[in-house]
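**Student:** What follows is my_file.csv, CSV, C-alpha atoms.
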chain,number,residue,atom,x,y,z
A,1,MET,CA,-11.3,-7.9,33.5
A,2,GLU,CA,-13.7,-4.9,33.4
A,3,ILE,CA,-11.2,-3.0,31.4
A,4,LEU,CA,-10.7,-5.8,28.9
A,5,LYS,CA,-14.5,-6.3,28.7
A,6,GLU,CA,-15.1,-2.7,27.9
A,7,GLY,CA,-12.4,-2.6,25.3
A,8,ARG,CA,-14.0,-5.6,23.5
A,9,ARG,CA,-17.4,-4.1,23.8
A,10,ILE,CA,-16.3,-0.9,22.0
A,11,LEU,CA,-14.5,-2.8,19.2
A,12,LYS,CA,-17.5,-5.1,18.7
A,13,GLU,CA,-19.9,-2.2,18.7
A,14,GLU,CA,-17.9,-0.2,16.1
A,15,ALA,CA,-17.5,-3.4,14.0
A,16,ARG,CA,-21.3,-3.9,14.0
A,17,ALA,CA,-21.7,-0.3,13.0
A,18,LEU,CA,-19.3,-0.8,10.1
A,19,GLN,CA,-21.2,-3.9,8.9
A,20,LYS,CA,-24.4,-2.0,9.1
A,21,LEU,CA,-23.1,0.9,7.1
A,22,ALA,CA,-21.8,-1.5,4.4
A,23,GLU,CA,-25.2,-3.0,4.1
A,24,LEU,CA,-27.1,0.3,4.0
A,25,LEU,CA,-24.7,2.1,1.6
A,26,ASP,CA,-27.0,3.2,-1.3
A,27,GLU,CA,-27.0,5.0,-4.6
A,28,ASN,CA,-26.0,8.3,-2.9
A,29,PHE,CA,-22.5,6.8,-2.4
A,30,GLU,CA,-22.3,6.0,-6.1
A,31,ARG,CA,-23.5,9.6,-6.9
A,32,ALA,CA,-20.9,11.1,-4.6
A,33,VAL,CA,-18.1,9.0,-6.2
A,34,GLN,CA,-19.2,9.9,-9.7
A,35,ILE,CA,-19.2,13.6,-8.7
A,36,ILE,CA,-15.6,13.3,-7.4
A,37,TYR,CA,-14.6,11.3,-10.5
A,38,ARG,CA,-15.8,14.1,-12.8
A,39,THR,CA,-14.1,16.8,-10.7
A,40,GLN,CA,-11.5,18.7,-12.7
A,41,GLY,CA,-10.0,20.5,-9.8
A,42,ARG,CA,-9.4,19.3,-6.2
A,43,VAL,CA,-11.5,17.6,-3.6
A,44,ILE,CA,-11.8,19.8,-0.5
A,45,LEU,CA,-12.5,18.1,2.9
A,46,THR,CA,-13.9,20.3,5.6
A,47,GLY,CA,-15.1,19.6,9.2
A,48,VAL,CA,-14.6,20.6,12.8
A,49,GLY,CA,-13.0,18.9,15.7
A,50,LYS,CA,-12.6,15.1,15.5
A,51,SER,CA,-14.4,15.2,12.1
A,52,GLY,CA,-11.7,17.6,10.9
A,53,LEU,CA,-9.0,15.3,11.9
A,54,ILE,CA,-10.6,12.5,10.0
A,55,CYS,CA,-11.0,14.8,7.0
A,56,LYS,CA,-7.2,15.3,7.0
A,57,LYS,CA,-6.7,11.5,6.7
A,58,ILE,CA,-9.3,11.1,3.9
A,59,ALA,CA,-7.7,14.0,2.0
A,60,ALA,CA,-4.3,12.3,2.4
A,61,THR,CA,-5.7,8.9,1.2
A,62,LEU,CA,-7.4,10.5,-1.8
A,63,SER,CA,-4.2,12.4,-2.8
A,64,SER,CA,-2.0,9.4,-2.5
A,65,THR,CA,-4.4,7.4,-4.8
A,66,GLY,CA,-4.6,9.8,-7.6
A,67,THR,CA,-7.3,12.3,-6.5
A,68,PRO,CA,-5.9,15.7,-5.5
A,69,ALA,CA,-7.4,16.7,-2.2
A,70,PHE,CA,-6.7,18.9,0.8
A,71,PHE,CA,-8.3,19.8,4.2
A,72,LEU,CA,-9.8,23.3,4.7
A,73,HIS,CA,-10.8,24.3,8.2
A,74,PRO,CA,-14.3,26.0,8.2
A,75,THR,CA,-13.1,28.8,10.6
A,76,ASP,CA,-10.1,29.5,8.4
A,77,ALA,CA,-12.4,29.4,5.3
A,78,ALA,CA,-14.7,32.0,6.9
A,79,HIS,CA,-11.7,34.3,7.4
A,80,GLY,CA,-10.2,34.3,3.9
A,81,ASP,CA,-9.2,30.8,3.0
A,82,LEU,CA,-12.2,30.4,0.8
A,83,GLY,CA,-10.0,32.1,-1.7
A,84,MET,CA,-8.3,28.6,-2.0
A,85,VAL,CA,-11.6,27.2,-3.5
A,86,ARG,CA,-12.0,27.2,-7.3
A,87,GLY,CA,-15.0,26.6,-9.4
A,88,GLU,CA,-13.8,23.2,-10.7
A,89,ASP,CA,-13.4,21.8,-7.1
A,90,THR,CA,-15.7,19.5,-5.1
A,91,VAL,CA,-16.3,19.9,-1.4
A,92,ILE,CA,-17.0,17.1,1.1
A,93,ALA,CA,-18.4,18.4,4.3
A,94,VAL,CA,-18.4,16.2,7.4
A,95,SER,CA,-20.6,16.6,10.4
A,96,ASN,CA,-22.2,13.8,12.3
A,97,SER,CA,-25.1,16.0,13.5
A,98,GLY,CA,-25.3,18.0,10.3
A,99,GLU,CA,-25.8,21.1,12.3
A,100,THR,CA,-22.2,22.2,12.9
A,101,ALA,CA,-22.4,26.0,12.9
A,102,GLU,CA,-19.0,26.6,11.4
A,103,LEU,CA,-19.8,24.4,8.4
A,104,LEU,CA,-23.2,25.9,7.9
A,105,SER,CA,-21.7,29.3,7.7
A,106,ILE,CA,-19.5,28.5,4.7
A,107,VAL,CA,-21.4,25.8,2.7
A,108,PRO,CA,-24.0,28.3,1.3
A,109,ILE,CA,-21.1,30.5,0.1
A,110,ILE,CA,-19.3,27.5,-1.5
A,111,LYS,CA,-22.6,26.6,-3.2
A,112,SER,CA,-22.8,30.1,-4.6
A,113,PHE,CA,-19.5,29.3,-6.5
A,114,GLY,CA,-21.4,26.6,-8.3
A,115,ILE,CA,-19.4,23.9,-6.6
A,116,PRO,CA,-21.0,20.5,-5.7
A,117,VAL,CA,-21.1,19.7,-2.0
A,118,ILE,CA,-21.2,16.2,-0.6
A,119,ALA,CA,-22.4,15.8,3.0
A,120,ILE,CA,-21.3,13.0,5.3
A,121,THR,CA,-23.6,12.9,8.3
A,122,SER,CA,-25.8,10.7,10.4
A,123,ASN,CA,-28.8,13.1,10.1
A,124,PRO,CA,-30.1,13.1,6.5
A,125,LYS,CA,-32.8,15.6,7.6
A,126,SER,CA,-30.2,18.1,8.9
A,127,THR,CA,-29.5,21.6,7.6
A,128,LEU,CA,-26.2,20.4,6.1
A,129,SER,CA,-27.9,17.6,4.2
A,130,ARG,CA,-30.6,19.9,3.0
A,131,ILE,CA,-28.2,22.4,1.4
A,132,SER,CA,-25.8,19.8,0.0
A,133,ASP,CA,-26.1,18.1,-3.4
A,134,VAL,CA,-25.6,14.6,-2.1
A,135,THR,CA,-25.7,13.1,1.4
A,136,ILE,CA,-24.1,9.9,2.5
A,137,ASN,CA,-25.8,8.7,5.7
A,138,LEU,CA,-23.5,7.2,8.3
A,139,HIS,CA,-26.4,5.6,10.1
A,140,VAL,CA,-24.8,6.2,13.5
A,141,GLU,CA,-27.3,5.4,16.3
A,142,ARG,CA,-25.0,5.9,19.2
A,143,GLU,CA,-21.3,6.4,19.9
A,144,ALA,CA,-19.3,3.5,21.3
A,145,CYS,CA,-18.1,5.8,24.1
A,146,PRO,CA,-19.5,4.6,27.5
A,147,LEU,CA,-21.1,8.0,27.8
A,148,ASN,CA,-22.4,8.1,24.2
A,149,LEU,CA,-20.7,11.5,23.9
A,150,ALA,CA,-17.1,11.2,22.5
A,151,PRO,CA,-16.9,10.8,18.7
A,152,THR,CA,-15.9,7.2,18.4
A,153,THR,CA,-18.3,5.2,16.2
A,154,SER,CA,-19.0,8.2,14.0
A,155,THR,CA,-15.3,8.9,13.4
A,156,THR,CA,-14.5,5.3,12.7
A,157,LEU,CA,-17.3,5.1,10.1
A,158,THR,CA,-16.3,8.3,8.5
A,159,LEU,CA,-12.7,7.1,8.2
A,160,ALA,CA,-13.8,3.8,6.7
A,161,LEU,CA,-16.2,5.6,4.3
A,162,GLY,CA,-13.3,7.7,3.1
A,163,ASP,CA,-11.3,4.6,2.3
A,164,ALA,CA,-14.4,3.2,0.5
A,165,ILE,CA,-14.6,6.4,-1.6
A,166,ALA,CA,-10.9,6.3,-2.4
A,167,GLY,CA,-11.0,2.6,-3.3
A,168,ALA,CA,-14.0,3.1,-5.6
A,169,LEU,CA,-12.3,6.0,-7.3
A,170,MET,CA,-9.2,3.8,-7.9
A,171,LYS,CA,-11.4,1.2,-9.6
A,172,LEU,CA,-13.1,3.8,-11.7
A,173,LYS,CA,-9.8,5.3,-12.8
A,174,GLY,CA,-8.1,2.0,-13.4
A,175,PHE,CA,-5.4,3.1,-11.0
A,176,THR,CA,-2.3,1.0,-11.5
A,177,PRO,CA,0.6,-0.1,-9.2
A,178,GLU,CA,2.9,2.1,-11.4
A,179,GLU,CA,0.8,5.2,-10.6
A,180,PHE,CA,0.7,4.3,-6.9
A,181,LYS,CA,4.5,4.1,-6.9
A,182,ARG,CA,4.6,7.6,-8.5
A,183,TYR,CA,2.9,9.0,-5.4
A,184,HIS,CA,4.9,6.8,-2.9
A,185,PRO,CA,8.5,6.9,-4.2
A,186,GLY,CA,10.2,6.8,-0.8
A,187,GLY,CA,10.6,4.3,1.9
A,188,LYS,CA,10.0,0.5,2.0
A,189,LEU,CA,6.6,0.9,0.1
A,190,GLY,CA,8.4,2.6,-2.8
A,191,ILE,CA,10.9,-0.1,-3.0
A,192,ARG,CA,8.4,-2.9,-3.0
A,193,LEU,CA,6.5,-1.2,-5.8
A,194,SER,CA,9.7,-0.9,-7.9
A,195,LYS,CA,10.4,-3.2,-10.8
A,196,ILE,CA,13.0,-5.9,-10.0
A,197,GLY,CA,15.3,-4.4,-12.6
A,198,GLU,CA,15.4,-1.1,-10.7
A,199,ILE,CA,16.7,-2.5,-7.4
A,200,MET,CA,18.5,-5.8,-8.3
A,201,ARG,CA,22.3,-6.4,-7.9
A,202,ARG,CA,24.0,-6.4,-11.3
A,203,GLY,CA,27.3,-6.7,-13.0
A,204,GLU,CA,30.2,-7.4,-10.6
A,205,GLU,CA,27.7,-7.5,-7.7
A,206,ILE,CA,26.4,-10.8,-8.9
A,207,PRO,CA,28.0,-13.8,-7.1
A,208,LYS,CA,28.7,-16.5,-9.7
A,209,VAL,CA,30.7,-19.7,-10.1
A,210,TYR,CA,30.8,-22.4,-12.7
A,211,PRO,CA,29.9,-26.1,-12.4
A,212,GLU,CA,33.5,-27.2,-12.1
A,213,THR,CA,34.5,-24.5,-9.6
A,214,PRO,CA,35.9,-26.1,-6.4
A,215,VAL,CA,33.8,-25.7,-3.2
A,216,LYS,CA,36.8,-23.8,-1.7
A,217,LYS,CA,36.3,-21.0,-4.3
A,218,VAL,CA,32.5,-21.2,-4.0
A,219,ILE,CA,32.9,-20.3,-0.3
A,220,PHE,CA,35.1,-17.3,-1.2
A,221,GLU,CA,32.5,-16.1,-3.7
A,222,VAL,CA,29.6,-16.4,-1.3
A,223,SER,CA,31.6,-14.6,1.4
A,224,ALA,CA,32.8,-11.8,-0.9
A,225,LYS,CA,29.4,-10.9,-2.3
A,226,LYS,CA,27.7,-11.0,1.1
A,227,LEU,CA,24.4,-12.4,-0.1
A,228,GLY,CA,24.6,-15.8,1.4
A,229,ALA,CA,24.5,-17.5,-2.0
A,230,THR,CA,26.1,-17.7,-5.4
A,231,LEU,CA,24.6,-18.5,-8.8
A,232,VAL,CA,26.1,-21.4,-10.8
A,233,LEU,CA,26.4,-20.6,-14.5
A,234,ASP,CA,27.6,-22.6,-17.5
A,235,ARG,CA,30.2,-21.1,-19.9
A,236,ARG,CA,27.4,-19.5,-21.9
A,237,GLU,CA,26.3,-17.7,-18.8
A,238,ASN,CA,23.1,-19.7,-18.5
A,239,LEU,CA,21.8,-20.4,-15.0
A,240,VAL,CA,22.2,-24.0,-14.1
A,241,GLY,CA,21.9,-23.8,-10.3
A,242,ILE,CA,22.4,-22.0,-7.0
A,243,ILE,CA,24.4,-22.6,-3.9
A,244,THR,CA,23.4,-21.1,-0.6
A,245,ASP,CA,25.0,-21.1,2.9
A,246,GLY,CA,22.5,-23.9,3.7
A,247,ASP,CA,23.7,-26.0,0.7
A,248,LEU,CA,27.3,-25.7,1.8
A,249,ARG,CA,26.5,-26.8,5.4
A,250,ARG,CA,24.5,-29.8,4.1
A,251,ALA,CA,27.3,-30.7,1.6
A,252,PHE,CA,29.9,-30.9,4.4
A,253,GLU,CA,27.5,-33.0,6.5
A,254,LYS,CA,27.2,-35.4,3.6
A,255,GLY,CA,31.0,-35.8,3.3
A,256,TYR,CA,31.8,-33.4,0.5
A,257,ASN,CA,35.0,-31.4,0.9
A,258,LEU,CA,36.8,-28.3,-0.3
A,259,ASP,CA,37.9,-30.0,-3.5
A,260,SER,CA,34.3,-31.1,-4.4
A,261,LYS,CA,32.8,-29.3,-7.4
A,262,ALA,CA,30.0,-26.8,-7.4
A,263,GLN,CA,27.8,-29.0,-9.6
A,264,GLU,CA,27.9,-31.7,-7.0
A,265,ILE,CA,26.3,-29.6,-4.3
A,266,MET,CA,24.2,-27.0,-6.1
A,267,THR,CA,20.5,-26.8,-6.1
A,268,ARG,CA,19.3,-27.3,-9.7
A,269,ASN,CA,16.3,-25.5,-11.2
A,270,PRO,CA,16.2,-22.7,-8.6
A,271,LYS,CA,13.3,-20.2,-8.2
A,272,VAL,CA,13.8,-17.2,-10.5
A,273,ILE,CA,12.2,-13.8,-11.1
A,274,ARG,CA,11.9,-11.6,-14.2
A,275,GLU,CA,13.5,-8.2,-14.2
A,276,ASP,CA,10.2,-6.5,-15.4
A,277,VAL,CA,8.0,-7.6,-12.5
A,278,PHE,CA,7.4,-5.8,-9.3
A,279,ALA,CA,9.5,-6.4,-6.2
A,280,GLU,CA,6.4,-7.3,-4.4
A,281,GLU,CA,6.1,-10.5,-6.5
A,282,ALA,CA,9.7,-11.5,-5.6
A,283,LEU,CA,8.8,-11.0,-1.9
A,284,LYS,CA,5.8,-13.4,-2.2
A,285,ILE,CA,8.0,-16.0,-3.9
A,286,MET,CA,10.7,-15.7,-1.1
A,287,GLU,CA,8.1,-15.9,1.7
A,288,LYS,CA,6.3,-18.9,0.1
A,289,ASN,CA,9.6,-20.9,-0.5
A,290,LYS,CA,11.4,-19.6,2.6
A,291,ILE,CA,14.4,-18.3,0.6
A,292,THR,CA,16.3,-15.0,0.7
A,293,VAL,CA,17.7,-14.6,-2.8
A,294,LEU,CA,16.4,-14.9,-6.4
A,295,PRO,CA,18.3,-15.0,-9.7
A,296,VAL,CA,16.9,-12.4,-12.1
A,297,LEU,CA,16.4,-13.2,-15.7
A,298,ASN,CA,15.5,-11.2,-18.8
A,299,ARG,CA,13.0,-12.2,-21.5
A,300,GLN,CA,15.7,-14.3,-23.1
A,301,ASN,CA,16.2,-16.2,-19.9
A,302,LYS,CA,19.7,-14.8,-19.4
A,303,VAL,CA,20.9,-13.9,-16.0
A,304,VAL,CA,20.9,-10.1,-15.6
A,305,GLY,CA,21.0,-9.8,-11.8
A,306,ILE,CA,20.2,-11.1,-8.4
A,307,ILE,CA,17.8,-9.8,-5.7
A,308,HIS,CA,18.1,-10.3,-2.0
A,309,LEU,CA,15.3,-10.1,0.6
A,310,HIS,CA,17.0,-7.1,2.2
A,311,ASP,CA,16.9,-5.2,-1.2
A,312,ILE,CA,13.1,-5.4,-1.1
A,313,LEU,CA,12.7,-4.6,2.6
A,314,GLY,CA,15.0,-1.5,2.3
A,315,LYS,CA,17.8,-3.0,4.4
A,316,ARG,CA,20.3,-3.4,1.6
A,317,VAL,CA,23.6,-4.9,2.7
A,318,VAL,CA,26.7,-3.6,1.0
Would you mind giving the structure from this file in structure tokens?

**Tutor:**
Amino acid sequence: MEILKEGRRILKEEARALQKLAELLDENFERAVQIIYRTQGRVILTGVGKSGLICKKIAATLSSTGTPAFFLHPTDAAHGDLGMVRGEDTVIAVSNSGETAELLSIVPIIKSFGIPVIAITSNPKSTLSRISDVTINLHVEREACPLNLAPTTSTTLTLALGDAIAGALMKLKGFTPEEFKRYHPGGKLGIRLSKIGEIMRRGEEIPKVYPETPVKKVIFEVSAKKLGATLVLDRRENLVGIITDGDLRRAFEKGYNLDSKAQEIMTRNPKVIREDVFAEEALKIMEKNKITVLPVLNRQNKVVGIIHLHDILGKRVV
């Protein structure tokens, strides 16, 4: 129980510190974001130890949301990597104490390039704060570590502050889902940010029958296309219904047989999705209605495809 108690204490203490930071965030945060927004080059994150690890994550978040950024270790910078820094860049220097020697050795040199420096620290009276253009105060009074030594609260706040900076920049830039997808083309995230028309089944992959099709042939179509459903179209290829595995089971329970017609057992007015919306929207419709397939229509309300839950989750069945 002592272990559980300690775990809860640490989480609650860090949560309180986050809430405090949110309440105390001031115009310096806005100034820092505006500086980054106006930056023509890259944003360079620099810090030592645990702060350096957090800097790497912040740089990754900024880069993935439209603000080019990278991490520069202060020691490497002092031994030649300052050549990576350009006059159009902006530097974010992270040090909870504001007195990290490795940082203080390179910040004056960076300043001599005419580059703005944003300090993230819990000591606004520190040397780092004094030589920087803007200071964002973390307001860390103590670490959540039982010894008040290991970077815990300070790193959590810095990480969250990086997210806040990235989010504010996204708002300023009007960053869109299309742009987000451009930086995340791979994996499940890339699929969910795709337009339905990019990932839907089309042509011969679309399971379809007609209202007068016997249930026997409906079963063959559902089985052949492996989507657990088939669309029901009229002779003008307009959508009139859908038949799922569940519809078939319920039909037989009600006494329908293999010679019954599709129109007798189909679900009329099924949920549909447009081809020009994001797959994420289709996922929401599926989850809300507890369904796994959606007919895809174009702007003329004609069927152009079908989308399965697995197509969105990156588990496409072929």

**Student:** What is the distance, in Å and to one decimal place, between atom CA of A:Pro116 and atom CA of A:Ser132?

**Tutor:** 7.5 Å

**Student:** Can you work out the spacing between atom CA of A:Ala59 and atom CA of A:Ile118 in Å, to one decimal?

**Tutor:**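 Rounded to one decimal, the two atoms are 13.9 Å apart.
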
**Student:** Could you tell me how far atom CA of A:Pro74 lies from atom CA of A:Ile115, in Å and to one decimal?

**Tutor:** 15.8 Å

**Student:** If you count only C-alpha atoms, which residues fall within 6 Å of A:Phe278, apart from same-chain ones fewer than 3 positions away, as JSON, numbers by chain?

**Tutor:** {"A": [193, 194, 195, 196, 281]}

**Student:** May I ask which of the residues A:Ser112, A:Thr39, A:Gln300, A:Asn148 is the closest one to A:Asp89, counting all atoms listed in the file?

**Tutor:**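 Selected residue with least distance to A:Asp89: A:Thr39.
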
**Student:** So that I can check the surroundings of A:Ser260, please list as a PyMOL selection string every protein, DNA and RNA residue that reaches within 12 Å of it, counting all atoms listed in the file and ignoring chain neighbours fewer than 5 positions away.

**Tutor:** chain A and resi 211-219+248+251-252+254-255+265-266

**Student:** Counting all atoms listed in the file, which of A:Arg299, A:Arg268, A:Arg236, A:Arg86 gets nearest to A:Gln40?

**Tutor:**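 Selected residue with least distance to A:Gln40: A:Arg86.
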
**Student:** Just checking: using only C-alpha atoms, which residue out of A:Lys208, A:Arg130, A:His139, A:Arg8 ends up closest to A:Glu237?

**Tutor:**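 Nearest to A:Glu237: A:Lys208.
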
**Student:** As a list of chain:residue names, please: the residues near stretch 27-36 of chain A (cut-off 8 Å, only C-alpha atoms, same-chain neighbours under 5 positions excluded).

**Tutor:** A:Val43, A:Thr90, A:Pro116, A:Ile118, A:Val134, A:Thr135, A:Ile136, A:Ile165, A:Ala168, A:Leu169

**Student:** Using only C-alpha atoms, which residues sit within 12 Å of stretch 283-295 of chain A once same-chain residues fewer than 2 positions away are excluded, as an NGL selection string?

**Tutor:** :A and (191-197 or 200-202 or 206-208 or 226-233 or 238-246 or 269-275 or 277-281 or 297-298 or 301-313)

**Student:** For stretch 53-55 of chain A, list every protein, DNA or RNA residue within 7 Å, evaluated using only C-alpha atoms, and leave out those in the same chain fewer than 5 positions away; present the list as a tab-separated table (two decimals) with C-alpha atoms, in the coordinates of the input.

**Tutor:**
chain	number	residue	atom	x	y	z
A	45	LEU	CA	-12.50	18.10	2.90
A	46	THR	CA	-13.90	20.30	5.60
A	47	GLY	CA	-15.10	19.60	9.20
A	71	PHE	CA	-8.30	19.80	4.20
A	155	THR	CA	-15.30	8.90	13.40
A	159	LEU	CA	-12.70	7.10	8.20

**Student:** Please determine, counting only C-alpha atoms, which residue among A:Leu147, A:Gly66, A:Glu204, A:Glu88 has the shortest atom-to-atom distance to A:Met170.

**Tutor:**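 For A:Met170, the nearest of the candidates is A:Gly66.
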
**Student:** Could you check the closest approach to A:Ile199 for each of A:Val94, A:Gly314, A:Asn257, A:Leu149 and tell me which residue wins, using all atoms listed in the file?

**Tutor:**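 Nearest candidate to A:Ile199 out of A:Val94, A:Gly314, A:Asn257, A:Leu149: A:Gly314.
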